[in-house]
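See structure below.
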Amino acid sequence: MLIDTHCHLNFKAFKKDLDEVLKRAKDAGVEKIIVPGAKIDSSIRAVEIAGKYDCVFAAVGIHPHHASDDFEIDTLRQLARNKKTVAVGEIGLDHHHYKNYPQLTLNEKGKQVTLFLQQLEIAKEFNLPVIIHCREAQNLLLETIRGFQKKNSRIKGVFHCFEGEADYLKEVLSLGFYIGFDGNITYSENKKLVNLIKNVPMDRLLLETDAPYLTPLPFRGTRNEPAFFIETVQFIAGILKMKSEELSAQTSDNAACLFFGK
Ligand SMILES: [Zn+2]
Ligand SMILES: [Zn+2]
């Protein structure tokens, strides 16, 4: 039993062959897939796909990359109400300087924080976990979450596609969050992730594909899809010196605990 806790079946890359992708996922033992939104339209699409396929669940949210003046928070609130919505995400902060985009201004960084806080409020309102995306804004993100938790009850969730130093990992764990790892851990240049994952308590570990991105070896260079998930699971089981079945059982339990209230 495998649960892919982060997979963008709602993105264009899967527009043409979603049925086949889901069939291959099922054949490969992937029983549940959580599809996070990145904007309003991809959040709507996530809910649509979840409505069509029993094994698919939606997360709804606006990625910091798409923070703008018009956040359409009311639409998001509507989507959060849907019975197959299991999380608010992916949300967070991203200060990375992406190719072909101008450097973020202070004003834009401020908008990311505003949008993030508004979406934490929605998660609180609907008692949903959050899927956090953070790139190159770790301190500000920790500060923002700590501030939110001080005024509110503890918000729960996952730091997806985790990257960072061991100290940062410790901080995130102390806030009560789960930690998500992806197929990029199989890349030879990511030895740091291999060391990092050994510091994650077994009951806080989640696995994800982030498909269509981060295709694990040996399929790197092609579109990622949930059927390749097992490659990442086997690789991580090797690092943690456990059987793949044990690792998938434990991480599926963790996913069920966080997203399905079990
Ligand atoms: Zn992300
Ligand atoms: Zn993602």
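Just so we're on the same page: first chain in the structure tokens is A, next is B, and so on; residues restart at 1 for each chain, and ligands are numbered from 1 in the order they show up.
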
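Shell of Leu196 of chain A at 10 Å, with only C-alpha atoms counted and residues fewer than 4 places along the chain excluded, is Phe162, Glu163, Gly164, Glu165, Ala166, Leu169, Lys191, Lys192 and Val200 of chain A.
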
Quick one: write out the picked residues with all heavy atoms as a PDB file, in the first residue's frame?
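Written output follows (part_23.pdb):
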```
ATOM      1  N   PHE A 162      11.377  18.442   1.309  1.00  0.00           N
ATOM      2  CA  PHE A 162      12.207  19.100   2.310  1.00  0.00           C
ATOM      3  C   PHE A 162      13.644  19.316   1.824  1.00  0.00           C
ATOM      4  O   PHE A 162      14.238  18.471   1.165  1.00  0.00           O
ATOM      5  CB  PHE A 162      12.233  18.265   3.595  1.00  0.00           C
ATOM      6  CG  PHE A 162      12.775  19.030   4.753  1.00  0.00           C
ATOM      7  CD1 PHE A 162      11.961  19.902   5.457  1.00  0.00           C
ATOM      8  CD2 PHE A 162      14.104  18.912   5.115  1.00  0.00           C
ATOM      9  CE1 PHE A 162      12.457  20.642   6.520  1.00  0.00           C
ATOM     10  CE2 PHE A 162      14.612  19.649   6.173  1.00  0.00           C
ATOM     11  CZ  PHE A 162      13.791  20.515   6.878  1.00  0.00           C
ATOM     12  N   GLU A 163      14.171  20.485   2.145  1.00  0.00           N
ATOM     13  CA  GLU A 163      15.597  20.756   1.922  1.00  0.00           C
ATOM     14  C   GLU A 163      16.056  21.682   3.032  1.00  0.00           C
ATOM     15  O   GLU A 163      15.261  22.451   3.564  1.00  0.00           O
ATOM     16  CB  GLU A 163      15.842  21.398   0.543  1.00  0.00           C
ATOM     17  CG  GLU A 163      15.089  22.695   0.336  1.00  0.00           C
ATOM     18  CD  GLU A 163      15.520  23.463  -0.913  1.00  0.00           C
ATOM     19  OE1 GLU A 163      15.976  22.844  -1.882  1.00  0.00           O
ATOM     20  OE2 GLU A 163      15.388  24.695  -0.906  1.00  0.00           O
ATOM     21  N   GLY A 164      17.323  21.568   3.387  1.00  0.00           N
ATOM     22  CA  GLY A 164      17.841  22.450   4.433  1.00  0.00           C
ATOM     23  C   GLY A 164      18.821  21.727   5.330  1.00  0.00           C
ATOM     24  O   GLY A 164      19.125  20.555   5.121  1.00  0.00           O
ATOM     25  N   GLU A 165      19.281  22.432   6.332  1.00  0.00           N
ATOM     26  CA  GLU A 165      20.280  21.878   7.242  1.00  0.00           C
ATOM     27  C   GLU A 165      19.595  21.124   8.392  1.00  0.00           C
ATOM     28  O   GLU A 165      18.390  21.271   8.603  1.00  0.00           O
ATOM     29  CB  GLU A 165      21.131  23.015   7.844  1.00  0.00           C
ATOM     30  CG  GLU A 165      21.857  23.872   6.817  1.00  0.00           C
ATOM     31  CD  GLU A 165      22.840  23.080   5.956  1.00  0.00           C
ATOM     32  OE1 GLU A 165      23.473  22.141   6.502  1.00  0.00           O
ATOM     33  OE2 GLU A 165      22.964  23.373   4.758  1.00  0.00           O
ATOM     34  N   ALA A 166      20.404  20.358   9.128  1.00  0.00           N
ATOM     35  CA  ALA A 166      19.869  19.549  10.235  1.00  0.00           C
ATOM     36  C   ALA A 166      19.208  20.425  11.313  1.00  0.00           C
ATOM     37  O   ALA A 166      18.200  20.033  11.907  1.00  0.00           O
ATOM     38  CB  ALA A 166      20.974  18.693  10.839  1.00  0.00           C
ATOM     39  N   LEU A 169      15.783  21.364  10.206  1.00  0.00           N
ATOM     40  CA  LEU A 169      14.923  20.182  10.348  1.00  0.00           C
ATOM     41  C   LEU A 169      14.432  20.052  11.790  1.00  0.00           C
ATOM     42  O   LEU A 169      13.250  19.810  12.044  1.00  0.00           O
ATOM     43  CB  LEU A 169      15.684  18.920   9.921  1.00  0.00           C
ATOM     44  CG  LEU A 169      14.982  17.587  10.176  1.00  0.00           C
ATOM     45  CD1 LEU A 169      13.719  17.452   9.328  1.00  0.00           C
ATOM     46  CD2 LEU A 169      15.917  16.410   9.893  1.00  0.00           C
ATOM     47  N   LYS A 191      23.307  14.096  -1.996  1.00  0.00           N
ATOM     48  CA  LYS A 191      23.767  13.266  -0.859  1.00  0.00           C
ATOM     49  C   LYS A 191      23.327  13.850   0.491  1.00  0.00           C
ATOM     50  O   LYS A 191      23.129  13.128   1.467  1.00  0.00           O
ATOM     51  CB  LYS A 191      25.299  13.159  -0.870  1.00  0.00           C
ATOM     52  CG  LYS A 191      25.842  12.288  -2.001  1.00  0.00           C
ATOM     53  CD  LYS A 191      25.863  10.810  -1.600  1.00  0.00           C
ATOM     54  CE  LYS A 191      26.479   9.888  -2.634  1.00  0.00           C
ATOM     55  NZ  LYS A 191      25.984   9.948  -3.996  1.00  0.00           N
ATOM     56  N   LYS A 192      23.195  15.189   0.509  1.00  0.00           N
ATOM     57  CA  LYS A 192      22.784  15.863   1.749  1.00  0.00           C
ATOM     58  C   LYS A 192      21.416  15.370   2.226  1.00  0.00           C
ATOM     59  O   LYS A 192      21.175  15.223   3.424  1.00  0.00           O
ATOM     60  CB  LYS A 192      22.682  17.375   1.501  1.00  0.00           C
ATOM     61  CG  LYS A 192      23.912  18.138   1.949  1.00  0.00           C
ATOM     62  CD  LYS A 192      23.790  19.594   1.603  1.00  0.00           C
ATOM     63  CE  LYS A 192      23.398  20.413   2.801  1.00  0.00           C
ATOM     64  NZ  LYS A 192      23.438  21.860   2.481  1.00  0.00           N
ATOM     65  N   VAL A 200      15.063  12.084  10.544  1.00  0.00           N
ATOM     66  CA  VAL A 200      13.607  12.269  10.650  1.00  0.00           C
ATOM     67  C   VAL A 200      13.016  11.082  11.405  1.00  0.00           C
ATOM     68  O   VAL A 200      13.211   9.934  10.993  1.00  0.00           O
ATOM     69  CB  VAL A 200      12.958  12.371   9.246  1.00  0.00           C
ATOM     70  CG1 VAL A 200      11.455  12.554   9.361  1.00  0.00           C
ATOM     71  CG2 VAL A 200      13.573  13.523   8.453  1.00  0.00           C
TER      72      VAL A 200
END
```

Report task. Show me which residues sit within 8 Å of ligand 1 when counting only C-alpha atoms and all ligand atoms, and put them as a list in words. Result ->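 Counting only C-alpha atoms and all ligand atoms, the residues within 8 Å of ligand 1 come out as His63, Glu90, Ile132, His133, Cys134, His160, Cys161 and Asp210 of chain A.
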
Would you give me, as CSV, each residue of chain A having an atom within 12 Å of an atom of ligand 2, along with its shortest atom pair and that distance in Å to one decimal, using only C-alpha atoms and all ligand atoms and sorting by chain and residue number?
```
residue,atom,partner,partner_atom_place_in_ligand_line,distance
A:Asp4,CA,ligand 2,1 (Zn),11.8
A:Thr5,CA,ligand 2,1 (Zn),10.0
A:His6,CA,ligand 2,1 (Zn),6.4
A:Cys7,CA,ligand 2,1 (Zn),6.7
A:His8,CA,ligand 2,1 (Zn),6.5
A:Leu9,CA,ligand 2,1 (Zn),10.2
A:Asn10,CA,ligand 2,1 (Zn),10.5
A:Phe11,CA,ligand 2,1 (Zn),10.0
A:Ile34,CA,ligand 2,1 (Zn),10.5
A:Val35,CA,ligand 2,1 (Zn),8.6
A:Pro36,CA,ligand 2,1 (Zn),6.6
A:Gly37,CA,ligand 2,1 (Zn),7.9
A:Ala38,CA,ligand 2,1 (Zn),7.4
A:Lys39,CA,ligand 2,1 (Zn),11.2
A:Ser42,CA,ligand 2,1 (Zn),11.2
A:Ser43,CA,ligand 2,1 (Zn),11.8
A:Ala59,CA,ligand 2,1 (Zn),10.6
A:Val60,CA,ligand 2,1 (Zn),11.5
A:Gly61,CA,ligand 2,1 (Zn),10.8
A:Ile62,CA,ligand 2,1 (Zn),10.8
A:His63,CA,ligand 2,1 (Zn),8.6
A:Pro64,CA,ligand 2,1 (Zn),11.3
A:His65,CA,ligand 2,1 (Zn),11.3
A:Gly89,CA,ligand 2,1 (Zn),8.7
A:Glu90,CA,ligand 2,1 (Zn),6.5
A:Ile91,CA,ligand 2,1 (Zn),9.5
A:Gly92,CA,ligand 2,1 (Zn),11.3
A:Ile131,CA,ligand 2,1 (Zn),9.1
A:Ile132,CA,ligand 2,1 (Zn),9.3
A:His133,CA,ligand 2,1 (Zn),7.5
A:Cys134,CA,ligand 2,1 (Zn),10.6
A:Arg135,CA,ligand 2,1 (Zn),11.9
A:Phe159,CA,ligand 2,1 (Zn),11.0
A:His160,CA,ligand 2,1 (Zn),7.8
A:Cys161,CA,ligand 2,1 (Zn),8.0
A:Phe162,CA,ligand 2,1 (Zn),11.4
A:Gly180,CA,ligand 2,1 (Zn),11.0
A:Phe181,CA,ligand 2,1 (Zn),11.6
A:Asp182,CA,ligand 2,1 (Zn),10.4
A:Glu208,CA,ligand 2,1 (Zn),9.4
A:Thr209,CA,ligand 2,1 (Zn),8.8
A:Asp210,CA,ligand 2,1 (Zn),5.2
A:Ala211,CA,ligand 2,1 (Zn),7.7
A:Pro212,CA,ligand 2,1 (Zn),9.0
A:Tyr213,CA,ligand 2,1 (Zn),8.2
A:Leu214,CA,ligand 2,1 (Zn),9.9
```

Report task. For Ile239 of chain A, please output as a list in words all residues within 9 Å (counting only C-alpha atoms; exclusion window: fewer than 5 positions along the same chain). Result -> Val194, Asn195, Ile197, Lys198 and Gln234 of chain A

Could the residues of segment 17-109 of chain A that have an atom at most 7 Å from segment 117-129 of chain A be listed as a tab-separated table, each with its closest atom pair and the distance in Å to one decimal, counting only C-alpha atoms and ordered by chain and ascending residue number?
```
residue	atom	partner	partner_atom	distance
A:Arg77	CA	A:Ile122	CA	6.6
A:Val86	CA	A:Leu128	CA	6.4
A:Ala87	CA	A:Pro129	CA	5.0
A:Val88	CA	A:Ala123	CA	5.9
```

Report task. Rank nothing, just name the residue among A:Cys257, A:Leu247, A:Leu93, A:Leu115 nearest to Ala137 of chain A, using only C-alpha atoms. Result ->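 Between A:Cys257, A:Leu247, A:Leu93, A:Leu115, the residue approaching Ala137 of chain A most closely is A:Leu93.
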
Query raised in the report: Out of segment 46-258 of chain A, which residues get alpha helix (DSSP H) from DSSP, as an MDAnalysis selection string?
Result: chainID A and resid 46:52 73:80 106:126 138:151 166:174 191:197 229:239 244:258

Using DSSP assignments from the backbone, pull out every residue in segment 20-253 of chain A that falls under strand (DSSP E) and give it to me as a PDB file with C-alpha atoms, in the first residue's frame.
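Contents of states-v9.pdb, as written:
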```pdb
ATOM      1  CA  VAL A  30      -0.300   3.312  -5.312  1.00  0.00           C
ATOM      2  CA  GLU A  31      -3.666   3.315  -3.582  1.00  0.00           C
ATOM      3  CA  LYS A  32      -4.177   6.964  -2.753  1.00  0.00           C
ATOM      4  CA  ILE A  33      -2.903  10.178  -4.330  1.00  0.00           C
ATOM      5  CA  ILE A  34      -3.147  13.705  -2.948  1.00  0.00           C
ATOM      6  CA  VAL A  35      -3.219  16.411  -5.618  1.00  0.00           C
ATOM      7  CA  PRO A  36      -2.232  19.900  -4.416  1.00  0.00           C
ATOM      8  CA  VAL A  56      -7.599  10.829  -5.622  1.00  0.00           C
ATOM      9  CA  PHE A  57      -7.903  13.524  -2.939  1.00  0.00           C
ATOM     10  CA  ALA A  58      -7.452  17.272  -3.297  1.00  0.00           C
ATOM     11  CA  ALA A  59      -5.445  19.934  -1.531  1.00  0.00           C
ATOM     12  CA  VAL A  60      -6.388  23.489  -2.400  1.00  0.00           C
ATOM     13  CA  THR A  85     -10.442  18.203   0.060  1.00  0.00           C
ATOM     14  CA  VAL A  86      -8.013  16.871   2.673  1.00  0.00           C
ATOM     15  CA  ALA A  87      -5.543  19.770   3.005  1.00  0.00           C
ATOM     16  CA  VAL A  88      -4.741  23.391   2.223  1.00  0.00           C
ATOM     17  CA  GLY A  89      -1.734  23.498  -0.087  1.00  0.00           C
ATOM     18  CA  GLU A  90       0.613  24.031  -1.457  1.00  0.00           C
ATOM     19  CA  ILE A  91       1.234  27.237   0.411  1.00  0.00           C
ATOM     20  CA  GLY A  92       4.277  28.910   1.924  1.00  0.00           C
ATOM     21  CA  LEU A  93       7.142  31.207   0.983  1.00  0.00           C
ATOM     22  CA  ASP A  94       9.500  31.047  -1.973  1.00  0.00           C
ATOM     23  CA  VAL A 130      -1.376  22.351   5.441  1.00  0.00           C
ATOM     24  CA  ILE A 131       1.120  21.363   2.760  1.00  0.00           C
ATOM     25  CA  ILE A 132       4.020  23.775   3.041  1.00  0.00           C
ATOM     26  CA  HIS A 133       6.326  24.751   0.217  1.00  0.00           C
ATOM     27  CA  CYS A 134       9.436  26.649   1.283  1.00  0.00           C
ATOM     28  CA  ARG A 135      12.387  27.686  -0.776  1.00  0.00           C
ATOM     29  CA  GLY A 157       0.898  19.697   8.247  1.00  0.00           C
ATOM     30  CA  VAL A 158       3.895  18.706   6.181  1.00  0.00           C
ATOM     31  CA  PHE A 159       6.957  20.533   4.908  1.00  0.00           C
ATOM     32  CA  TYR A 178       5.765  16.011   9.109  1.00  0.00           C
ATOM     33  CA  ILE A 179       8.623  15.991   6.594  1.00  0.00           C
ATOM     34  CA  GLY A 180       8.144  15.055   2.927  1.00  0.00           C
ATOM     35  CA  PHE A 181      10.810  13.559   0.656  1.00  0.00           C
ATOM     36  CA  LEU A 205       8.151  10.844   7.536  1.00  0.00           C
ATOM     37  CA  LEU A 206       6.006  11.254   4.411  1.00  0.00           C
ATOM     38  CA  LEU A 207       6.832  10.263   0.846  1.00  0.00           C
TER      39      LEU A 207
END
```

**Report entry** Proximity to Leu175 of chain A - best of A:Val113, A:Leu193, A:Ala80, A:Ile145, only C-alpha atoms
**Finding:**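 For Leu175 of chain A, the nearest of the candidates is A:Ile145.
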
Report task. Could you check how far atom CA of Ile40 of chain A sits from atom CA of Ala67 of chain A, in Å to one decimal? Result ->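 Spanning atom CA of Ile40 of chain A to atom CA of Ala67 of chain A is a straight-line distance of 11.0 Å.
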
Quick one: residues within 6 Å of Ala227 of chain A, only C-alpha atoms counted, chain neighbours fewer than 4 positions away excluded, as a PDB file with N, CA, C and O atoms, in the first residue's frame?
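To be explicit, this is the file written out as selection-v7.pdb:
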```pdb
ATOM      1  N   ARG A  24      -1.781   2.847 -14.337  1.00  0.00           N
ATOM      2  CA  ARG A  24      -0.405   2.401 -14.047  1.00  0.00           C
ATOM      3  C   ARG A  24      -0.080   2.582 -12.561  1.00  0.00           C
ATOM      4  O   ARG A  24       0.602   1.761 -11.960  1.00  0.00           O
ATOM      5  N   ALA A  25      -0.579   3.665 -11.965  1.00  0.00           N
ATOM      6  CA  ALA A  25      -0.353   3.913 -10.530  1.00  0.00           C
ATOM      7  C   ALA A  25      -0.948   2.768  -9.715  1.00  0.00           C
ATOM      8  O   ALA A  25      -0.299   2.208  -8.819  1.00  0.00           O
ATOM      9  N   ALA A  28       0.940  -0.335  -9.898  1.00  0.00           N
ATOM     10  CA  ALA A  28       2.207  -0.238  -9.157  1.00  0.00           C
ATOM     11  C   ALA A  28       1.980  -0.172  -7.645  1.00  0.00           C
ATOM     12  O   ALA A  28       2.916   0.052  -6.882  1.00  0.00           O
TER      13      ALA A  28
END
```

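Reported to one decimal place, the separation of atom CA of Lys156 of chain A from atom CA of Tyr168 of chain A is 17.2 Å.
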
Report summary line: Of A:Gly261, A:Pro226, A:Pro218, A:Pro102, the one sitting nearest Leu2 of chain A when using only C-alpha atoms is A:Pro226
